[in-house]
$ cat upload-v3.cif   # mmCIF, C-alpha atoms and all ligand atoms
data_final
loop_
_atom_site.label_atom_id
_atom_site.label_comp_id
_atom_site.auth_asym_id
_atom_site.auth_seq_id
_atom_site.Cartn_x
_atom_site.Cartn_y
_atom_site.Cartn_z
CA MET A 1 -24.35 6.64 -3.28
CA ALA A 2 -22.45 8.95 -0.94
CA ASP A 3 -24.15 9.96 2.30
CA LYS A 4 -23.55 13.66 2.75
CA SER A 5 -24.20 13.57 6.48
CA MET A 6 -20.96 13.88 8.43
CA ASP A 7 -20.17 10.89 10.63
CA GLY A 8 -16.79 12.27 11.59
CA LEU A 9 -14.73 15.28 10.78
CA ASN A 10 -13.85 15.26 7.11
CA THR A 11 -15.39 11.86 6.65
CA PHE A 12 -18.34 10.79 4.57
CA THR A 13 -19.71 7.28 4.36
CA ASP A 14 -20.46 5.64 1.07
CA GLN A 15 -23.71 3.73 1.53
CA GLY A 16 -22.89 1.24 -1.18
CA ASN A 17 -25.14 -0.37 -3.69
CA GLU A 18 -28.11 -2.14 -2.15
CA SER A 19 -29.30 -3.60 -5.48
CA LYS A 20 -30.62 -7.17 -5.32
CA VAL A 21 -28.76 -10.00 -7.04
CA ASP A 22 -30.74 -12.29 -9.32
CA THR A 23 -29.97 -15.82 -8.12
CA SER A 24 -32.15 -17.65 -10.64
CA LYS A 25 -29.03 -18.56 -12.62
CA LYS A 26 -25.77 -19.42 -10.91
CA MET A 27 -22.56 -18.29 -12.58
CA ARG A 28 -20.09 -21.17 -12.87
CA VAL A 29 -16.66 -19.75 -12.07
CA ALA A 30 -13.14 -21.20 -12.00
CA ILE A 31 -9.91 -19.83 -10.58
CA ILE A 32 -6.70 -20.03 -12.59
CA GLY A 33 -3.64 -19.57 -10.37
CA CYS A 34 -4.30 -20.41 -6.72
CA GLY A 35 -1.75 -18.23 -4.94
CA TRP A 36 -1.92 -15.18 -2.69
CA ILE A 37 -4.35 -12.92 -4.52
CA ALA A 38 -6.61 -15.82 -5.48
CA GLU A 39 -7.47 -15.98 -1.76
CA ASN A 40 -9.21 -12.60 -2.04
CA HIS A 41 -11.01 -13.74 -5.17
CA VAL A 42 -12.30 -16.90 -3.56
CA LYS A 43 -13.40 -15.07 -0.40
CA SER A 44 -15.35 -12.52 -2.44
CA LEU A 45 -16.76 -15.14 -4.80
CA LEU A 46 -18.01 -17.18 -1.84
CA LYS A 47 -20.02 -14.16 -0.65
CA GLN A 48 -21.91 -13.95 -3.96
CA PRO A 49 -25.29 -15.70 -3.87
CA ASP A 50 -25.26 -16.34 -7.62
CA VAL A 51 -21.85 -17.99 -7.94
CA GLU A 52 -20.70 -21.57 -7.87
CA ILE A 53 -16.93 -22.10 -7.80
CA VAL A 54 -16.61 -25.20 -9.95
CA ALA A 55 -12.88 -25.59 -10.59
CA GLY A 56 -9.36 -24.39 -9.95
CA ALA A 57 -5.98 -24.91 -11.58
CA ASP A 58 -2.41 -24.19 -10.61
CA LEU A 59 0.90 -25.12 -12.20
CA ILE A 60 2.10 -26.47 -8.86
CA PRO A 61 0.64 -29.98 -8.39
CA GLY A 62 -1.80 -30.22 -5.49
CA LYS A 63 -1.89 -26.45 -4.87
CA ALA A 64 -5.38 -25.90 -6.32
CA ALA A 65 -6.79 -28.83 -4.30
CA SER A 66 -5.38 -27.61 -0.98
CA PHE A 67 -6.49 -24.08 -1.82
CA MET A 68 -10.10 -25.17 -2.35
CA GLU A 69 -9.96 -27.25 0.81
CA LYS A 70 -8.62 -24.32 2.84
CA PHE A 71 -11.60 -22.19 1.80
CA GLY A 72 -14.16 -24.97 2.16
CA VAL A 73 -15.07 -24.97 -1.54
CA GLU A 74 -16.76 -28.31 -1.94
CA GLY A 75 -16.98 -30.19 -5.22
CA ALA A 76 -14.59 -27.97 -7.16
CA LYS A 77 -12.56 -29.96 -9.72
CA THR A 78 -8.84 -29.38 -9.39
CA ASP A 79 -7.11 -32.30 -11.09
CA TYR A 80 -5.74 -30.28 -13.99
CA ALA A 81 -2.07 -30.06 -14.96
CA SER A 82 -2.60 -26.65 -16.55
CA HIS A 83 -5.18 -23.95 -17.19
CA LYS A 84 -5.56 -25.35 -20.72
CA GLU A 85 -6.84 -28.67 -19.35
CA LEU A 86 -9.31 -26.85 -17.14
CA LEU A 87 -10.60 -24.75 -20.03
CA ALA A 88 -10.94 -27.87 -22.21
CA ASP A 89 -13.17 -29.58 -19.61
CA LYS A 90 -16.59 -29.01 -21.14
CA SER A 91 -18.31 -30.75 -18.21
CA LEU A 92 -17.61 -27.63 -16.15
CA LYS A 93 -19.97 -25.50 -18.29
CA LEU A 94 -17.90 -22.49 -17.27
CA ASP A 95 -19.24 -18.97 -17.41
CA ALA A 96 -16.23 -17.08 -16.10
CA VAL A 97 -12.69 -17.33 -14.75
CA SER A 98 -10.65 -15.31 -12.31
CA ILE A 99 -7.08 -15.28 -13.60
CA CYS A 100 -4.75 -14.85 -10.63
CA THR A 101 -1.46 -15.99 -12.15
CA TYR A 102 1.80 -14.05 -11.97
CA ASN A 103 2.30 -11.30 -14.57
CA ARG A 104 4.10 -13.39 -17.20
CA GLN A 105 1.13 -15.78 -17.17
CA HIS A 106 -1.58 -13.15 -17.65
CA ALA A 107 -1.74 -13.02 -21.45
CA GLY A 108 -1.66 -16.75 -22.27
CA PRO A 109 -4.42 -17.92 -19.91
CA ALA A 110 -6.55 -14.83 -20.72
CA ILE A 111 -6.34 -15.53 -24.46
CA ASP A 112 -7.08 -19.22 -23.93
CA ALA A 113 -10.08 -18.45 -21.69
CA LEU A 114 -11.54 -15.92 -24.14
CA ASN A 115 -11.00 -18.38 -26.99
CA ALA A 116 -12.89 -20.95 -24.91
CA GLY A 117 -15.85 -18.53 -24.77
CA VAL A 118 -15.50 -17.64 -21.09
CA HIS A 119 -15.73 -14.22 -19.40
CA VAL A 120 -12.43 -13.14 -17.82
CA LEU A 121 -11.52 -11.18 -14.72
CA LEU A 122 -7.78 -10.72 -15.15
CA GLU A 123 -5.59 -9.54 -12.28
CA LYS A 124 -3.53 -6.40 -12.67
CA PRO A 125 -1.25 -5.38 -14.28
CA PHE A 126 -3.02 -6.10 -17.59
CA THR A 127 0.06 -7.84 -19.05
CA VAL A 128 3.83 -7.36 -19.10
CA THR A 129 4.17 -5.94 -22.63
CA LEU A 130 1.96 -3.87 -24.89
CA ASP A 131 2.06 -6.57 -27.57
CA GLU A 132 0.60 -9.08 -25.12
CA ALA A 133 -2.21 -6.68 -24.20
CA VAL A 134 -3.01 -6.23 -27.88
CA GLU A 135 -3.18 -10.01 -28.37
CA VAL A 136 -5.51 -10.40 -25.38
CA MET A 137 -7.76 -7.66 -26.77
CA ARG A 138 -7.88 -9.33 -30.17
CA ALA A 139 -9.10 -12.51 -28.45
CA GLU A 140 -11.60 -10.43 -26.45
CA LYS A 141 -12.95 -8.84 -29.64
CA LYS A 142 -13.30 -12.22 -31.36
CA SER A 143 -15.03 -13.81 -28.37
CA GLY A 144 -17.46 -11.02 -27.51
CA LYS A 145 -16.96 -11.96 -23.85
CA VAL A 146 -16.38 -9.60 -20.92
CA LEU A 147 -12.76 -8.90 -20.04
CA SER A 148 -12.22 -6.78 -16.95
CA ILE A 149 -8.85 -5.90 -15.43
CA GLY A 150 -8.52 -6.27 -11.66
CA PHE A 151 -8.07 -2.67 -10.52
CA GLN A 152 -10.10 -2.67 -7.29
CA PRO A 153 -9.11 0.94 -6.39
CA ARG A 154 -11.51 1.91 -9.19
CA MET A 155 -14.34 0.86 -6.87
CA ASP A 156 -13.22 3.34 -4.21
CA ALA A 157 -15.58 6.30 -3.80
CA ASN A 158 -12.53 8.54 -3.21
CA MET A 159 -11.09 7.54 -6.57
CA LYS A 160 -14.45 8.18 -8.20
CA LYS A 161 -14.41 11.59 -6.55
CA ILE A 162 -11.17 12.48 -8.38
CA LYS A 163 -12.89 11.80 -11.70
CA GLU A 164 -16.02 13.71 -10.60
CA ILE A 165 -13.88 16.71 -9.66
CA VAL A 166 -12.13 16.72 -13.04
CA GLU A 167 -15.43 16.23 -14.90
CA SER A 168 -17.11 19.01 -12.91
CA GLY A 169 -14.80 21.48 -14.62
CA ALA A 170 -13.54 22.79 -11.25
CA LEU A 171 -9.94 22.36 -12.42
CA GLY A 172 -10.49 23.88 -15.89
CA GLN A 173 -8.19 22.60 -18.59
CA ILE A 174 -5.74 19.99 -17.32
CA TYR A 175 -2.18 20.50 -18.55
CA TYR A 176 0.20 18.83 -16.07
CA ILE A 177 -0.05 15.74 -13.87
CA GLN A 178 2.38 14.34 -11.36
CA THR A 179 1.85 10.86 -10.03
CA GLY A 180 3.94 10.33 -6.96
CA GLY A 181 3.94 7.17 -5.00
CA GLY A 182 6.01 4.44 -3.54
CA ARG A 183 7.19 2.60 -0.52
CA ARG A 184 10.31 3.13 1.53
CA ARG A 185 10.93 -0.59 2.09
CA GLY A 186 8.26 -2.56 0.27
CA ILE A 187 9.61 -5.03 -2.27
CA PRO A 188 6.88 -7.69 -2.26
CA THR A 189 8.12 -11.12 -1.31
CA PRO A 190 5.06 -12.34 0.60
CA PHE A 191 5.31 -16.03 -0.21
CA GLY A 192 8.36 -16.26 -2.39
CA THR A 193 9.88 -14.67 -5.43
CA THR A 194 7.15 -14.55 -8.08
CA PHE A 195 6.99 -10.73 -7.85
CA ILE A 196 10.73 -10.22 -8.24
CA GLU A 197 11.92 -12.80 -10.77
CA ASP A 198 11.95 -11.78 -14.39
CA GLU A 199 10.58 -15.08 -15.62
CA THR A 200 7.43 -14.81 -13.48
CA ALA A 201 6.92 -11.07 -12.92
CA GLY A 202 8.53 -9.49 -15.98
CA ILE A 203 8.08 -6.02 -14.49
CA GLY A 204 8.59 -4.73 -10.95
CA ALA A 205 7.29 -1.63 -9.21
CA LEU A 206 6.69 -0.09 -12.63
CA GLY A 207 3.88 -2.52 -13.41
CA ASP A 208 2.88 -3.76 -9.98
CA ILE A 209 1.99 -0.46 -8.34
CA GLY A 210 2.78 1.89 -11.23
CA CYS A 211 -0.33 0.61 -13.00
CA TYR A 212 -2.50 1.86 -10.09
CA SER A 213 -0.75 5.17 -10.03
CA LEU A 214 -1.37 5.68 -13.73
CA ASP A 215 -4.97 4.53 -13.49
CA MET A 216 -5.74 6.99 -10.70
CA VAL A 217 -5.02 9.96 -12.94
CA LEU A 218 -5.68 8.62 -16.43
CA ASN A 219 -9.14 7.36 -15.53
CA ALA A 220 -9.95 10.75 -14.01
CA ILE A 221 -9.03 12.60 -17.19
CA GLY A 222 -10.65 10.15 -19.62
CA TYR A 223 -7.64 8.03 -20.61
CA PRO A 224 -6.01 10.16 -23.32
CA LYS A 225 -3.70 8.32 -25.67
CA PRO A 226 0.00 8.36 -24.75
CA LEU A 227 2.21 9.81 -27.48
CA THR A 228 5.82 9.74 -26.27
CA VAL A 229 7.65 8.41 -23.23
CA SER A 230 11.05 9.15 -21.74
CA GLY A 231 11.53 6.54 -19.05
CA TYR A 232 14.02 5.40 -16.44
CA LYS A 233 14.15 2.33 -14.23
CA SER A 234 16.57 0.95 -11.68
CA ALA A 235 17.04 -1.93 -9.24
CA PHE A 236 19.53 -0.75 -6.63
CA PHE A 237 17.62 -2.10 -3.61
CA GLY A 238 16.25 -5.38 -4.95
CA LYS A 239 19.64 -6.65 -6.05
CA ASP A 240 21.32 -5.71 -2.77
CA PRO A 241 21.77 -8.66 -0.34
CA ASN A 242 21.95 -6.09 2.49
CA TYR A 243 18.53 -4.61 1.64
CA SER A 244 16.85 -4.38 5.04
CA GLY A 245 13.35 -5.08 3.72
CA TYR A 246 14.14 -8.75 3.02
CA LYS A 247 13.89 -11.49 5.64
CA LYS A 248 17.48 -11.92 6.85
CA GLU A 249 17.69 -15.63 6.06
CA LYS A 250 16.35 -15.07 2.52
CA ALA A 251 18.16 -11.85 1.61
CA ALA A 252 21.01 -13.42 -0.38
CA GLU A 253 18.64 -15.63 -2.39
CA TYR A 254 16.17 -12.79 -3.09
CA ALA A 255 18.92 -10.36 -4.13
CA GLN A 256 20.34 -12.96 -6.50
CA LYS A 257 16.92 -13.73 -8.02
CA PHE A 258 15.80 -10.12 -8.30
CA GLY A 259 15.37 -9.51 -12.04
CA VAL A 260 12.96 -6.60 -12.33
CA ASP A 261 12.88 -2.88 -11.44
CA ASP A 262 12.29 -1.44 -7.95
CA PHE A 263 12.03 2.19 -9.11
CA ALA A 264 10.80 3.84 -12.28
CA ALA A 265 10.24 7.39 -13.46
CA ALA A 266 9.05 8.91 -16.69
CA PHE A 267 7.96 11.98 -18.55
CA VAL A 268 4.98 11.13 -20.74
CA ARG A 269 3.24 13.27 -23.35
CA LEU A 270 -0.47 12.57 -23.71
CA GLU A 271 -2.93 13.55 -26.40
CA GLY A 272 -4.56 16.90 -25.63
CA GLY A 273 -1.32 18.66 -24.72
CA ILE A 274 -1.12 17.09 -21.25
CA VAL A 275 2.16 15.99 -19.70
CA LEU A 276 2.51 13.34 -17.05
CA ASP A 277 5.40 13.22 -14.63
CA PHE A 278 5.52 9.73 -13.16
CA ARG A 279 7.57 8.08 -10.46
CA ILE A 280 7.03 4.87 -8.52
CA ALA A 281 9.11 2.90 -6.01
CA TRP A 282 9.03 -0.39 -4.18
CA ALA A 283 12.01 0.84 -2.22
CA MET A 284 13.76 4.19 -1.77
CA ASN A 285 15.54 6.33 0.78
CA LEU A 286 12.62 8.74 1.04
CA ASP A 287 9.16 8.82 2.60
CA THR A 288 7.41 9.61 -0.68
CA PRO A 289 8.51 10.96 -4.04
CA GLY A 290 5.54 13.32 -3.84
CA ASP A 291 1.78 13.48 -3.76
CA THR A 292 -0.27 13.05 -6.88
CA ILE A 293 -1.22 16.41 -8.38
CA ILE A 294 -3.46 17.34 -11.26
CA MET A 295 -2.89 20.92 -12.42
CA GLY A 296 -5.53 22.83 -14.33
CA THR A 297 -6.18 26.34 -15.55
CA LYS A 298 -8.89 26.97 -12.91
CA GLY A 299 -7.67 24.82 -10.07
CA SER A 300 -5.23 22.09 -9.09
CA LEU A 301 -5.93 18.97 -7.09
CA ARG A 302 -3.51 17.48 -4.57
CA ILE A 303 -4.08 13.82 -3.69
CA PRO A 304 -1.99 12.80 -0.68
CA SER A 305 0.20 9.77 -1.14
CA THR A 306 -0.06 6.69 1.07
CA GLN A 307 2.84 4.94 2.76
CA CYS A 308 2.07 1.58 1.22
CA TRP A 309 1.34 2.81 -2.25
CA ASN A 310 -1.48 0.72 -3.67
CA GLY A 311 -3.41 3.27 -5.62
CA THR A 312 -5.55 4.70 -2.88
CA VAL A 313 -6.10 8.19 -1.55
CA GLY A 314 -3.91 8.88 1.49
CA GLY A 315 -5.97 11.63 3.17
CA PRO A 316 -8.26 14.57 2.43
CA MET A 317 -7.62 15.90 -1.06
CA LYS A 318 -7.29 19.64 -1.64
CA ILE A 319 -8.27 21.86 -4.53
CA TYR A 320 -6.15 25.02 -4.84
CA HIS A 321 -8.06 27.72 -6.67
CA GLU A 322 -8.90 31.41 -6.84
CA VAL A 323 -12.16 32.91 -5.62
CA ALA A 324 -12.80 36.63 -6.24
CA GLY A 325 -9.09 37.26 -6.47
CA SER A 326 -8.22 35.32 -3.32
CA GLN A 327 -6.07 32.21 -3.36
CA VAL A 328 -8.10 29.59 -1.49
CA GLU A 329 -8.04 25.88 -0.77
CA THR A 330 -11.02 23.55 -0.63
CA GLU A 331 -10.63 20.32 1.32
CA ILE A 332 -12.42 17.25 0.00
CA PRO A 333 -13.43 14.97 2.87
CA VAL A 334 -12.36 11.34 2.81
CA ILE A 335 -15.23 8.96 2.08
CA THR A 336 -15.27 5.75 4.09
CA MET A 337 -16.64 2.73 2.29
CA LYS A 338 -19.18 0.29 3.66
CA GLU A 339 -18.39 -2.38 1.09
CA GLY A 340 -14.97 -3.89 0.48
CA LEU A 341 -13.26 -2.89 -2.75
CA PHE A 342 -12.46 -6.49 -3.62
CA ASP A 343 -16.09 -7.55 -3.17
CA LEU A 344 -17.11 -4.70 -5.45
CA LYS A 345 -14.52 -5.67 -8.03
CA ILE A 346 -15.95 -9.19 -8.17
CA ARG A 347 -19.60 -8.08 -8.06
CA THR A 348 -19.30 -5.47 -10.81
CA PHE A 349 -17.54 -8.01 -13.03
CA LEU A 350 -20.28 -10.61 -12.46
CA ASP A 351 -22.99 -8.04 -13.14
CA ALA A 352 -21.33 -7.08 -16.44
CA CYS A 353 -21.20 -10.78 -17.46
CA LYS A 354 -24.84 -11.37 -16.52
CA ASN A 355 -26.27 -8.17 -17.94
CA GLY A 356 -24.12 -7.91 -21.05
CA THR A 357 -22.95 -4.47 -19.93
CA PRO A 358 -19.41 -3.10 -20.41
CA ALA A 359 -16.58 -4.38 -18.24
CA PRO A 360 -16.16 -2.30 -15.07
CA VAL A 361 -12.47 -1.82 -15.88
CA PRO A 362 -12.33 -2.15 -19.67
CA SER A 363 -9.25 -3.27 -21.57
CA SER A 364 -9.74 -0.38 -24.01
CA GLN A 365 -8.66 1.99 -21.21
CA ILE A 366 -6.00 -0.17 -19.60
CA LEU A 367 -4.40 -0.62 -23.01
CA TYR A 368 -3.09 2.95 -22.65
CA ASN A 369 -1.92 2.23 -19.11
CA GLN A 370 -0.01 -0.76 -20.47
CA ALA A 371 1.34 1.25 -23.40
CA ILE A 372 2.90 3.70 -20.95
CA ILE A 373 4.41 0.92 -18.80
CA ASP A 374 5.76 -0.76 -21.94
CA GLY A 375 7.02 2.59 -23.22
CA ILE A 376 8.86 3.30 -19.96
CA ALA A 377 10.55 -0.11 -20.05
CA LYS A 378 11.55 0.31 -23.71
CA SER A 379 12.69 3.91 -23.32
CA ALA A 380 14.72 3.04 -20.22
CA GLU A 381 16.45 0.27 -22.12
CA ALA A 382 17.10 2.49 -25.16
CA GLY A 383 18.21 5.41 -22.98
CA ARG A 384 16.13 7.93 -24.93
CA GLU A 385 12.58 9.14 -25.52
CA ILE A 386 10.44 6.85 -27.66
CA GLU A 387 7.21 7.23 -29.57
CA VAL A 388 4.30 5.08 -28.39
CA VAL A 389 2.88 3.02 -31.24
CA ILE A 390 -0.28 1.07 -30.47
CA PRO A 391 -1.11 -1.66 -32.98
CA GLU A 392 -4.62 -1.95 -34.45
CA ILE A 393 -6.77 -4.37 -32.43
N1 LIG A 401 -5.39 -6.71 -7.05
C1 LIG A 401 -4.54 -6.79 -6.06
O1 LIG A 401 -4.67 -6.15 -5.04
C2 LIG A 401 -3.37 -7.70 -6.19
C3 LIG A 401 -2.59 -7.99 -5.05
C4 LIG A 401 -1.54 -8.90 -5.18
C5 LIG A 401 -1.25 -9.47 -6.42
N2 LIG A 401 -2.00 -9.11 -7.51
C6 LIG A 401 -1.67 -9.67 -8.83
O2 LIG A 401 -2.07 -11.02 -8.87
C7 LIG A 401 -1.16 -11.79 -9.64
C8 LIG A 401 -0.72 -13.00 -8.81
O3 LIG A 401 -0.07 -12.55 -7.65
P1 LIG A 401 0.09 -13.51 -6.39
O4 LIG A 401 0.66 -12.69 -5.31
O5 LIG A 401 -1.17 -14.24 -6.14
O6 LIG A 401 1.19 -14.52 -6.96
P2 LIG A 401 1.47 -16.01 -6.46
O7 LIG A 401 2.80 -16.34 -6.99
O8 LIG A 401 1.21 -16.14 -4.98
O9 LIG A 401 0.37 -16.87 -7.21
C9 LIG A 401 0.33 -17.08 -8.58
C10 LIG A 401 -0.04 -18.54 -8.80
O10 LIG A 401 -0.33 -18.72 -10.19
C11 LIG A 401 0.15 -20.01 -10.54
N3 LIG A 401 0.25 -20.05 -12.01
C12 LIG A 401 1.07 -19.35 -12.81
N4 LIG A 401 0.82 -19.60 -14.09
C13 LIG A 401 -0.21 -20.48 -14.13
C14 LIG A 401 -0.96 -21.09 -15.17
N5 LIG A 401 -0.69 -20.88 -16.46
N6 LIG A 401 -1.95 -21.94 -14.84
C15 LIG A 401 -2.26 -22.17 -13.52
N7 LIG A 401 -1.58 -21.60 -12.50
C16 LIG A 401 -0.58 -20.76 -12.79
C17 LIG A 401 1.44 -20.15 -9.79
O11 LIG A 401 1.86 -21.48 -9.68
C18 LIG A 401 1.07 -19.53 -8.45
O12 LIG A 401 0.58 -20.49 -7.56
C19 LIG A 401 -0.01 -10.86 -10.01
O13 LIG A 401 -0.12 -10.49 -11.36
C20 LIG A 401 -0.19 -9.66 -9.11
O14 LIG A 401 0.17 -8.43 -9.73
C21 LIG A 401 -3.05 -8.27 -7.41
#
$ encode --input "upload-v3.cif" --output "structure tokens"
Amino acid sequence: MADKSMDGLNTFTDQGNESKVDTSKKMRVAIIGCGWIAENHVKSLLKQPDVEIVAGADLIPGKAASFMEKFGVEGAKTDYASHKELLADKSLKLDAVSICTYNRQHAGPAIDALNAGVHVLLEKPFTVTLDEAVEVMRAEKKSGKVLSIGFQPRMDANMKKIKEIVESGALGQIYYIQTGGGRRRGIPTPFGTTFIEDETAGIGALGDIGCYSLDMVLNAIGYPKPLTVSGYKSAFFGKDPNYSGYKKEKAAEYAQKFGVDDFAAAFVRLEGGIVLDFRIAWAMNLDTPGDTIIMGTKGSLRIPSTQCWNGTVGGPMKIYHEVAGSQVETEIPVITMKEGLFDLKIRTFLDACKNGTPAPVPSSQILYNQAIIDGIAKSAEAGREIEVVIPEI
């Protein structure tokens, strides 16, 4: 995959996967929720030679139709009042759906789609609560269909490198992890308030970008089970009509509607004696609450934070270790990608559906991600540490 020839200082180029796509059978795909992120789904789906976009649904009347028109998707059926109507339309002969609804509408449509016998690519975060994630996984188990969660940073060669470094043993035994990340002024209100209202989003920075932050480290270390969580969350910026990140003319409305968190922090104990120190912000009076670090008995890895925290690697990573008694640092060059992460997210999902192989981002892993998010919310509300209890699937 990775070309080891330097094409720039500290830069490697990932050559991507040149494998051929079998076009003998077209996958019939629908999009549920035709908002902002659905645009990336449709653009990537349109690039796939083995996909036919056959339908779309949105709660807002006419939105799915204008969405399909905007992207030149011809013949897609859109006259559905809800995702349930779309899933009940047997004439579609659906193979898969992209679920691009806001967080509070992740679990319901995912369960309905799995019950309808359709493969599901579900946008991140998995759900709002742990109980919802468990219900989705029960439907997944019953259906035998592929369920993949939309974490495109997983497709990044730099993220894969973090896991390779841990698995190489270069860090020894991992005992402490800090995930630092966040934005100075970055409460997302791109096209309205679906990210910041409780009834649509349910969780704020904690779930929106916190899920990436957790995935970056938990995937690298093999997703150990979370045991206890002591969490904190706040909303000082989002609820402030003078918050400078809002459009001036909308600030009062947004501040009044803001019903989620804009900052969260936690101390999490994981199976295997590992502790995780977590913090995430949509807004703060600071450049970054820290880089991500993974500390081990043989070496520690520093992963620079990015300004717009979205779960990517912000610069060359460094391993701090000891060689023959000397304290040394090894810089890991940044790998540039030839293929877009979103395209890879869609392609790997389609391949799993077609080949009957495991989901590229399996729910069995993201369940623990969700359990931590849920634990932080519950602990913050209770004002004390809580035990994480994951129901049987
Ligand atoms: N992977 C990424 O990089 C990325 C980026 C942005 C957003 N997201 C995620 O995507 C999701 C959607 O975000 P967005 O910015 O597109 O929001 P959005 O508000 O722009 O779009 C969501 C759309 O879903 C529709 N909808 C909600 N429930 C529905 C239902 N049951 N049936 C049909 N339509 C329904 C809404 O009417 C709306 O049009 C969020 O969960 C967000 O976290 C992921």
$ residues_around --input "upload-v3.cif" --residues "region 359-364 of chain A" --least-positions-apart "2" --cutoff "10 Å" --atoms "only C-alpha atoms" --output "tab-separated table (two decimals) with C-alpha atoms, keeping the file's coordinate frame"
chain	number	residue	atom	x	y	z
A	119	HIS	CA	-15.73	-14.22	-19.40
A	120	VAL	CA	-12.43	-13.14	-17.82
A	121	LEU	CA	-11.52	-11.18	-14.72
A	122	LEU	CA	-7.78	-10.72	-15.15
A	126	PHE	CA	-3.02	-6.10	-17.59
A	133	ALA	CA	-2.21	-6.68	-24.20
A	134	VAL	CA	-3.01	-6.23	-27.88
A	136	VAL	CA	-5.51	-10.40	-25.38
A	137	MET	CA	-7.76	-7.66	-26.77
A	140	GLU	CA	-11.60	-10.43	-26.45
A	145	LYS	CA	-16.96	-11.96	-23.85
A	146	VAL	CA	-16.38	-9.60	-20.92
A	147	LEU	CA	-12.76	-8.90	-20.04
A	148	SER	CA	-12.22	-6.78	-16.95
A	149	ILE	CA	-8.85	-5.90	-15.43
A	150	GLY	CA	-8.52	-6.27	-11.66
A	151	PHE	CA	-8.07	-2.67	-10.52
A	152	GLN	CA	-10.10	-2.67	-7.29
A	154	ARG	CA	-11.51	1.91	-9.19
A	155	MET	CA	-14.34	0.86	-6.87
A	219	ASN	CA	-9.14	7.36	-15.53
A	223	TYR	CA	-7.64	8.03	-20.61
A	344	LEU	CA	-17.11	-4.70	-5.45
A	345	LYS	CA	-14.52	-5.67	-8.03
A	346	ILE	CA	-15.95	-9.19	-8.17
A	347	ARG	CA	-19.60	-8.08	-8.06
A	348	THR	CA	-19.30	-5.47	-10.81
A	349	PHE	CA	-17.54	-8.01	-13.03
A	350	LEU	CA	-20.28	-10.61	-12.46
A	351	ASP	CA	-22.99	-8.04	-13.14
A	352	ALA	CA	-21.33	-7.08	-16.44
A	353	CYS	CA	-21.20	-10.78	-17.46
A	356	GLY	CA	-24.12	-7.91	-21.05
A	357	THR	CA	-22.95	-4.47	-19.93
A	366	ILE	CA	-6.00	-0.17	-19.60
A	367	LEU	CA	-4.40	-0.62	-23.01
A	368	TYR	CA	-3.09	2.95	-22.65
A	369	ASN	CA	-1.92	2.23	-19.11
A	370	GLN	CA	-0.01	-0.76	-20.47
A	393	ILE	CA	-6.77	-4.37	-32.43
$ closest_atom_pairs --input "upload-v3.cif" --of "region 316-344 of chain A" --to "region 168-192 of chain A" --cutoff "12 Å" --atoms "all atoms listed in the file" --output "CSV"
residue,atom,partner,partner_atom,distance
A:Lys318,CA,A:Leu171,CA,11.4
A:Ile319,CA,A:Leu171,CA,8.1
A:Tyr320,CA,A:Leu171,CA,8.9
A:His321,CA,A:Leu171,CA,8.1
A:Glu322,CA,A:Leu171,CA,10.7
A:Val323,CA,A:Ala170,CA,11.7
A:Thr330,CA,A:Ala170,CA,10.9
$ residues_near_ligand --input "upload-v3.cif" --ligand "ligand LIG 401 (chain A)" --cutoff "8 Å" --atoms "only C-alpha atoms and all ligand atoms" --output "PyMOL selection string"
chain A and resi 32-39+57-60+63+82-84+99-106+108-109+123-125+150-152+190-195+200-201+207-208+310+342
$ atom_distance --input "upload-v3.cif" --atom1 "CA of Gly383 (chain A)" --atom2 "CA of Ile203 (chain A)"
17.5 Å
$ atom_distance --input "upload-v3.cif" --atom1 "CA of Glu271 (chain A)" --atom2 "CA of Arg138 (chain A)"
23.7 Å
$ closest_residue --input "upload-v3.cif" --among "A:Lys247, A:Lys26, A:Lys160, A:Lys225" --to "Val268 (chain A)" --atoms "all atoms listed in the file"
A:Lys225
$ atom_distance --input "upload-v3.cif" --atom1 "CA of Leu214 (chain A)" --atom2 "CA of Pro289 (chain A)"
14.8 Å
$ closest_residue --input "upload-v3.cif" --among "A:Ile294, A:Ala96, A:Ile335, A:Val128" --to "Ala116 (chain A)" --atoms "only C-alpha atoms"
A:Ala96
$ residues_near_point --input "upload-v3.cif" --point "(-5.5, 4.1, -9.1)" --cutoff "6 Å" --atoms "all atoms listed in the file" --output "ChimeraX atom specification"
/A:153,212-213,215-216,311
$ closest_residue --input "upload-v3.cif" --among "A:Val275, A:Met337, A:Ile372, A:Leu87" --to "Ile221 (chain A)" --atoms "all atoms listed in the file"
A:Val275
$ closest_residue --input "upload-v3.cif" --among "A:Gly325, A:Pro226, A:Pro304, A:Gly299" --to "Val388 (chain A)" --atoms "only C-alpha atoms"
A:Pro226
$ closest_residue --input "upload-v3.cif" --among "A:Glu199, A:Asp79, A:Ile162, A:Val229" --to "Met317 (chain A)" --atoms "only C-alpha atoms"
A:Ile162
$ residues_around --input "upload-v3.cif" --residues "region 378-380 of chain A" --least-positions-apart "2" --cutoff "10 Å" --atoms "only C-alpha atoms" --output "list in words"
Thr129, Thr228, Val229, Ser230, Gly231, Tyr232, Lys233, Ser234, Ala264, Ala265, Ala266, Ile372, Ile373, Asp374, Gly375, Ile376, Ala382, Gly383, Arg384, Glu385, Ile386, Glu387 and Val388 of chain A
$ closest_residue --input "upload-v3.cif" --among "A:Leu286, A:Val166, A:Ala65, A:Ala377" --to "Gly202 (chain A)" --atoms "all atoms listed in the file"
A:Ala377
$ residues_around --input "upload-v3.cif" --residues "Phe237 (chain A)" --least-positions-apart "4" --cutoff "8 Å" --atoms "only C-alpha atoms" --output "PyMOL selection string"
chain A and resi 243+262+283-284
